[in-house]
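Working notes for the structure below.
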Amino acid sequence: MSNGRFGVHGGQYISEPLMKAVLELEEAYEHYKNDPQFQTELTELYNNYAGRPSRLYYAEKMTRDLGGAKIYLKREDLNHTGSHKINNVLGQALLAKKMGKTRLIAETGAGQHGVATATAAALMGMECVVFMGEEDTKRQALNVYRMRLLGSKVVPVTSGTATLKDAVSETMREWSKRISDTHYCLGSVMGPHPFPTIVRDFQSVISKEIKQQCLEKEGRLPDAVLACVGGGSNAMGAFYHFIEDKDVQLIGCEAAGRGVTTAETAATIATGRLGIFHGMKSYFCQDEYGQIAPVYSISAGLDYPGIGPEHAWLYDTGRAQYVPVTDEEAVCAFEYLSRTEGIIPAIESAHAVSHAMKLAPTLSKDKIIVVNISGRGDKDCAAIARYRGEDIYE
Ligand SMILES: *Cc1c(COP(=O)(O)O)cnc(C)c1O
């Protein structure tokens, strides 16, 4: 898409100093994305550091148990640092380095993107500062320690609700004050152009691999690809190379929290409206005055009040479908996949697993569905135990 527009969505709704920064970034990215040397170095990092390509695993027991479509799991949980986040972070850190930047800043919610950015900064010898809502620093103390251990500074953000959206705002403010040596390593397919495109391109290695692997194993493309959607980066990565393959159904699974008819939800497509926030036009959860509404999900990684502009466009055009999945359904899927396949998925990914459990039995046995397992679930065990009324720590 030219000008960073996806239909009416996307764009650059930002202040003048920030405009300067994104224009510099856009110019550099346009150059390096076609530079064979850059692509070779990135592939090296993916393969030798992150552990790519990730497996496409045939979930035979789950398939047999559900009695319908053949289910494959794309194992992004096996990447270094335990999720798909590293794909984007390695790409942006390498780009920043080529641009002569020596300092990375990032927002983080639960801490997954912060840890991935701190990891890339350590690897590449860059300074790193991570902005994190003060509420989240308390809830995710282990990740705060991991980031410090990796040599990063963590700055608690106290404005607003002191959570992810406030951390994004604060990181944008910091970037506009200091762009000469600093790159903002944004964590999802959101924010002003060119971020949604850059993050999507780096994550699109997921669908590139799924396509190759599915052709090798099955001699054809899958019938459906499922992924959970927070800002939408793992889903955009899993969908991208299938957008032109109209027979492949693309299904994003949103966090419905306690249900889309309650106020405690983060399902943007199901409950949101068109708006402008964090430099982009897209769908956002809003109150009656058009202010960004507080959102809720058991999964900290899906707890964002908006959705990336390219998803909003895939939704408008009908190319992708978005379905809400509740906390209870996600927790059941978390437990089911652990028991059935010996794979503990991130609670975010469990939202996609849950929809696969509903979809597979409705399809015949010659159909193939791929579920993107965006991350591993070790980080979620204490919270899920608590959800089930068991306190494993305190
Ligand atoms: C951050 C995170 C997500 C949500 O982010 P997207 O940009 O929507 O992919 C999903 N799964 C895991 C494991 C995460 O860490």
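Convention: chains lettered A, B, ... in structure tokens order; per-chain residue numbering from 1; ligands numbered from 1 as shown.
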
Give me the residues within 10 Å of Tyr336 (chain A) as a PDB file with all heavy atoms, in the first residue's frame, counting only C-alpha atoms and dropping any in the same chain fewer than 3 places off.
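The result, stored in result.pdb:
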```pdb
ATOM      1  N   MET A  62      -4.491 -34.344  18.558  1.00  0.00           N
ATOM      2  CA  MET A  62      -5.550 -33.322  18.572  1.00  0.00           C
ATOM      3  C   MET A  62      -6.479 -33.540  17.382  1.00  0.00           C
ATOM      4  O   MET A  62      -7.708 -33.460  17.502  1.00  0.00           O
ATOM      5  CB  MET A  62      -4.894 -31.944  18.514  1.00  0.00           C
ATOM      6  CG  MET A  62      -5.843 -30.781  18.668  1.00  0.00           C
ATOM      7  SD  MET A  62      -4.903 -29.222  18.661  1.00  0.00           S
ATOM      8  CE  MET A  62      -6.245 -28.048  18.599  1.00  0.00           C
ATOM      9  N   ALA A 330     -10.230 -19.724  26.252  1.00  0.00           N
ATOM     10  CA  ALA A 330      -8.773 -19.745  26.055  1.00  0.00           C
ATOM     11  C   ALA A 330      -8.092 -20.610  27.111  1.00  0.00           C
ATOM     12  O   ALA A 330      -7.173 -21.378  26.808  1.00  0.00           O
ATOM     13  CB  ALA A 330      -8.222 -18.320  26.084  1.00  0.00           C
ATOM     14  N   VAL A 331      -8.567 -20.502  28.354  1.00  0.00           N
ATOM     15  CA  VAL A 331      -7.969 -21.308  29.429  1.00  0.00           C
ATOM     16  C   VAL A 331      -8.223 -22.799  29.156  1.00  0.00           C
ATOM     17  O   VAL A 331      -7.323 -23.633  29.321  1.00  0.00           O
ATOM     18  CB  VAL A 331      -8.513 -20.880  30.815  1.00  0.00           C
ATOM     19  CG1 VAL A 331      -8.099 -21.886  31.889  1.00  0.00           C
ATOM     20  CG2 VAL A 331      -8.015 -19.487  31.168  1.00  0.00           C
ATOM     21  N   CYS A 332      -9.423 -23.140  28.702  1.00  0.00           N
ATOM     22  CA  CYS A 332      -9.724 -24.542  28.365  1.00  0.00           C
ATOM     23  C   CYS A 332      -8.793 -25.041  27.254  1.00  0.00           C
ATOM     24  O   CYS A 332      -8.301 -26.172  27.320  1.00  0.00           O
ATOM     25  CB  CYS A 332     -11.189 -24.711  27.933  1.00  0.00           C
ATOM     26  SG  CYS A 332     -12.348 -24.525  29.299  1.00  0.00           S
ATOM     27  N   ALA A 333      -8.538 -24.190  26.272  1.00  0.00           N
ATOM     28  CA  ALA A 333      -7.655 -24.579  25.167  1.00  0.00           C
ATOM     29  C   ALA A 333      -6.200 -24.708  25.628  1.00  0.00           C
ATOM     30  O   ALA A 333      -5.462 -25.578  25.175  1.00  0.00           O
ATOM     31  CB  ALA A 333      -7.756 -23.553  24.035  1.00  0.00           C
ATOM     32  N   ARG A 339      -2.369 -31.044  27.649  1.00  0.00           N
ATOM     33  CA  ARG A 339      -2.696 -32.462  27.893  1.00  0.00           C
ATOM     34  C   ARG A 339      -2.598 -33.303  26.633  1.00  0.00           C
ATOM     35  O   ARG A 339      -2.108 -34.416  26.667  1.00  0.00           O
ATOM     36  CB  ARG A 339      -4.152 -32.545  28.370  1.00  0.00           C
ATOM     37  CG  ARG A 339      -4.337 -32.779  29.824  1.00  0.00           C
ATOM     38  CD  ARG A 339      -5.784 -33.150  30.170  1.00  0.00           C
ATOM     39  NE  ARG A 339      -6.806 -32.751  29.212  1.00  0.00           N
ATOM     40  CZ  ARG A 339      -7.587 -31.697  29.347  1.00  0.00           C
ATOM     41  NH1 ARG A 339      -7.452 -30.895  30.392  1.00  0.00           N
ATOM     42  NH2 ARG A 339      -8.522 -31.427  28.452  1.00  0.00           N
ATOM     43  N   THR A 340      -3.080 -32.756  25.523  1.00  0.00           N
ATOM     44  CA  THR A 340      -3.247 -33.564  24.317  1.00  0.00           C
ATOM     45  C   THR A 340      -1.967 -33.709  23.514  1.00  0.00           C
ATOM     46  O   THR A 340      -1.689 -34.773  22.964  1.00  0.00           O
ATOM     47  CB  THR A 340      -4.348 -32.954  23.415  1.00  0.00           C
ATOM     48  OG1 THR A 340      -5.477 -32.686  24.227  1.00  0.00           O
ATOM     49  CG2 THR A 340      -4.750 -33.896  22.300  1.00  0.00           C
ATOM     50  N   GLU A 341      -1.197 -32.627  23.411  1.00  0.00           N
ATOM     51  CA  GLU A 341       0.011 -32.680  22.586  1.00  0.00           C
ATOM     52  C   GLU A 341       1.301 -32.487  23.381  1.00  0.00           C
ATOM     53  O   GLU A 341       2.383 -32.524  22.809  1.00  0.00           O
ATOM     54  CB  GLU A 341      -0.063 -31.610  21.477  1.00  0.00           C
ATOM     55  CG  GLU A 341      -1.134 -31.861  20.431  1.00  0.00           C
ATOM     56  CD  GLU A 341      -0.804 -33.022  19.488  1.00  0.00           C
ATOM     57  OE1 GLU A 341       0.351 -33.489  19.463  1.00  0.00           O
ATOM     58  OE2 GLU A 341      -1.733 -33.478  18.773  1.00  0.00           O
ATOM     59  N   GLY A 342       1.200 -32.230  24.687  1.00  0.00           N
ATOM     60  CA  GLY A 342       2.420 -31.961  25.454  1.00  0.00           C
ATOM     61  C   GLY A 342       3.041 -30.642  25.071  1.00  0.00           C
ATOM     62  O   GLY A 342       4.257 -30.465  25.153  1.00  0.00           O
ATOM     63  N   ILE A 343       2.205 -29.695  24.623  1.00  0.00           N
ATOM     64  CA  ILE A 343       2.695 -28.359  24.256  1.00  0.00           C
ATOM     65  C   ILE A 343       1.910 -27.336  25.076  1.00  0.00           C
ATOM     66  O   ILE A 343       0.673 -27.263  24.951  1.00  0.00           O
ATOM     67  CB  ILE A 343       2.491 -28.103  22.738  1.00  0.00           C
ATOM     68  CG1 ILE A 343       3.351 -29.080  21.925  1.00  0.00           C
ATOM     69  CG2 ILE A 343       2.830 -26.650  22.380  1.00  0.00           C
ATOM     70  CD1 ILE A 343       3.040 -29.081  20.429  1.00  0.00           C
ATOM     71  N   ILE A 344       2.621 -26.574  25.920  1.00  0.00           N
ATOM     72  CA  ILE A 344       1.955 -25.533  26.717  1.00  0.00           C
ATOM     73  C   ILE A 344       2.036 -24.234  25.926  1.00  0.00           C
ATOM     74  O   ILE A 344       3.101 -23.645  25.795  1.00  0.00           O
ATOM     75  CB  ILE A 344       2.641 -25.365  28.092  1.00  0.00           C
ATOM     76  CG1 ILE A 344       2.666 -26.702  28.855  1.00  0.00           C
ATOM     77  CG2 ILE A 344       1.926 -24.290  28.920  1.00  0.00           C
ATOM     78  CD1 ILE A 344       3.450 -26.671  30.166  1.00  0.00           C
ATOM     79  N   PRO A 345       0.899 -23.789  25.348  1.00  0.00           N
ATOM     80  CA  PRO A 345       0.941 -22.573  24.512  1.00  0.00           C
ATOM     81  C   PRO A 345       0.832 -21.318  25.366  1.00  0.00           C
ATOM     82  O   PRO A 345       0.320 -21.381  26.485  1.00  0.00           O
ATOM     83  CB  PRO A 345      -0.323 -22.722  23.650  1.00  0.00           C
ATOM     84  CG  PRO A 345      -1.301 -23.401  24.569  1.00  0.00           C
ATOM     85  CD  PRO A 345      -0.490 -24.328  25.456  1.00  0.00           C
ATOM     86  N   ALA A 350      -3.446 -19.569  22.891  1.00  0.00           N
ATOM     87  CA  ALA A 350      -4.557 -20.469  23.252  1.00  0.00           C
ATOM     88  C   ALA A 350      -5.888 -19.946  22.706  1.00  0.00           C
ATOM     89  O   ALA A 350      -6.822 -20.722  22.492  1.00  0.00           O
ATOM     90  CB  ALA A 350      -4.622 -20.643  24.766  1.00  0.00           C
ATOM     91  N   VAL A 353      -6.017 -21.563  19.414  1.00  0.00           N
ATOM     92  CA  VAL A 353      -6.226 -23.008  19.610  1.00  0.00           C
ATOM     93  C   VAL A 353      -7.704 -23.264  19.893  1.00  0.00           C
ATOM     94  O   VAL A 353      -8.303 -24.209  19.364  1.00  0.00           O
ATOM     95  CB  VAL A 353      -5.345 -23.544  20.771  1.00  0.00           C
ATOM     96  CG1 VAL A 353      -5.675 -25.002  21.070  1.00  0.00           C
ATOM     97  CG2 VAL A 353      -3.857 -23.369  20.454  1.00  0.00           C
ATOM     98  N   SER A 354      -8.302 -22.405  20.723  1.00  0.00           N
ATOM     99  CA  SER A 354      -9.707 -22.563  21.078  1.00  0.00           C
ATOM    100  C   SER A 354     -10.596 -22.523  19.835  1.00  0.00           C
ATOM    101  O   SER A 354     -11.505 -23.356  19.676  1.00  0.00           O
ATOM    102  CB  SER A 354     -10.137 -21.454  22.046  1.00  0.00           C
ATOM    103  OG  SER A 354     -11.542 -21.479  22.201  1.00  0.00           O
ATOM    104  N   MET A 357     -10.403 -25.655  17.894  1.00  0.00           N
ATOM    105  CA  MET A 357     -11.170 -26.746  18.509  1.00  0.00           C
ATOM    106  C   MET A 357     -12.639 -26.696  18.095  1.00  0.00           C
ATOM    107  O   MET A 357     -13.316 -27.722  18.013  1.00  0.00           O
ATOM    108  CB  MET A 357     -11.046 -26.682  20.040  1.00  0.00           C
ATOM    109  CG  MET A 357      -9.650 -27.051  20.538  1.00  0.00           C
ATOM    110  SD  MET A 357      -9.328 -26.519  22.253  1.00  0.00           S
ATOM    111  CE  MET A 357     -10.500 -27.556  23.156  1.00  0.00           C
TER     112      MET A 357
END
```

Problem set entry | Nearby residues (only C-alpha atoms) at most 8 Å from region 120-134 of chain A, same-chain spacing under 5 positions excluded, as a ChimeraX atom specification | /A:86,89-90,93,102-109,111,114,150-158,161-164,166-168,170-171

Problem set entry | 10 Å contact set for region 297-300 of chain A, only C-alpha atoms, chain neighbours under 6 positions out, as a PyMOL selection string | chain A and resi 109-112+136+139-140+163-164+230+254-259+264-267+326-328+330-331+346-351+380+383-384+387

For this session: Report the residues of region 28-261 of chain A whose backbone DSSP state falls under strand (DSSP E or B), written as number ranges by chain.
Result: A: 56-58, 70-75, 83, 103-108, 127-133, 153-157, 182-184, 224-229, 249-257

Selected residues, C-alpha atoms, written as an mmCIF file, in the first residue's frame, please.
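Output below, filename out19.cif:
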```cif
data_model
loop_
_atom_site.group_PDB
_atom_site.id
_atom_site.type_symbol
_atom_site.label_atom_id
_atom_site.label_comp_id
_atom_site.auth_asym_id
_atom_site.auth_seq_id
_atom_site.Cartn_x
_atom_site.Cartn_y
_atom_site.Cartn_z
ATOM 1 C CA LEU A 56 5.217 -26.936 11.229
ATOM 2 C CA TYR A 57 4.059 -29.736 13.501
ATOM 3 C CA TYR A 58 1.259 -32.160 12.681
ATOM 4 C CA LYS A 70 -6.065 -32.104 9.898
ATOM 5 C CA ILE A 71 -4.415 -29.676 12.340
ATOM 6 C CA TYR A 72 -0.896 -28.313 12.041
ATOM 7 C CA LEU A 73 0.761 -26.060 14.618
ATOM 8 C CA LYS A 74 3.284 -23.417 13.555
ATOM 9 C CA ARG A 75 5.759 -23.518 16.419
ATOM 10 C CA SER A 83 7.628 -16.141 20.912
ATOM 11 C CA ARG A 103 20.129 3.203 21.258
ATOM 12 C CA LEU A 104 16.845 1.255 21.149
ATOM 13 C CA ILE A 105 13.703 2.255 23.006
ATOM 14 C CA ALA A 106 10.563 0.148 23.226
ATOM 15 C CA GLU A 107 7.184 -0.105 24.911
ATOM 16 C CA THR A 108 6.103 -3.296 26.575
ATOM 17 C CA GLU A 127 21.873 0.734 24.656
ATOM 18 C CA CYS A 128 18.250 -0.106 25.477
ATOM 19 C CA VAL A 129 15.480 1.590 27.459
ATOM 20 C CA VAL A 130 12.080 -0.079 27.865
ATOM 21 C CA PHE A 131 8.967 1.854 28.912
ATOM 22 C CA MET A 132 6.471 -0.185 30.882
ATOM 23 C CA GLY A 133 3.263 0.821 32.671
ATOM 24 C CA LYS A 153 16.933 0.064 31.714
ATOM 25 C CA VAL A 154 13.231 -0.239 32.550
ATOM 26 C CA VAL A 155 11.264 2.990 33.049
ATOM 27 C CA PRO A 156 7.896 2.667 34.849
ATOM 28 C CA VAL A 157 5.172 4.802 33.208
ATOM 29 C CA THR A 182 17.638 6.441 18.951
ATOM 30 C CA HIS A 183 15.345 4.000 17.164
ATOM 31 C CA TYR A 184 11.868 3.203 18.478
ATOM 32 C CA ALA A 224 -7.441 -22.068 6.910
ATOM 33 C CA VAL A 225 -4.813 -20.224 8.935
ATOM 34 C CA LEU A 226 -5.670 -19.171 12.500
ATOM 35 C CA ALA A 227 -3.810 -16.748 14.764
ATOM 36 C CA CYS A 228 -4.548 -14.675 17.846
ATOM 37 C CA VAL A 229 -4.736 -10.888 17.468
ATOM 38 C CA GLN A 249 -9.379 -18.720 4.941
ATOM 39 C CA LEU A 250 -7.677 -16.274 7.293
ATOM 40 C CA ILE A 251 -9.072 -16.151 10.820
ATOM 41 C CA GLY A 252 -7.946 -13.757 13.560
ATOM 42 C CA CYS A 253 -8.903 -14.660 17.122
ATOM 43 C CA GLU A 254 -9.535 -11.683 19.392
ATOM 44 C CA ALA A 255 -9.568 -11.612 23.179
ATOM 45 C CA ALA A 256 -13.202 -11.325 24.277
ATOM 46 C CA GLY A 257 -12.199 -11.328 27.967
#
```

For this session: From the DSSP assignment of the backbone, select every residue of region 77-271 of chain A that is alpha helix (DSSP H), and format the answer as an MDAnalysis selection string.
Result: chainID A and resid 85:98 112:124 134:139 141:149 164:177 195:203 205:218 233:239 268:271

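The two atoms in question, CA of Cys285 (chain A) and CA of Thr271 (chain A), are spaced 6.4 Å apart.
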
Problem set entry | Nearest-residue call for Asn48 (chain A), choices A:His311, A:His80, A:Phe6, A:Ser169, using only C-alpha atoms |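 Using only C-alpha atoms, the shortest distance to Asn48 (chain A) belongs to A:His80.
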
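For the choices A:Tyr289, A:Phe334, A:Tyr13, A:Phe38, the atom-to-atom distance to His355 (chain A) is smallest for A:Phe334 when using only C-alpha atoms.
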
Exercise. Looking at only C-alpha atoms and all ligand atoms, which of A:Leu302, A:Leu95, A:Ala238, A:Ile292 is the one that sits closest to ligand 1?
Worked result: A:Leu302

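CA of Val248 (chain A) is positioned 16.2 Å from CA of Ala352 (chain A).
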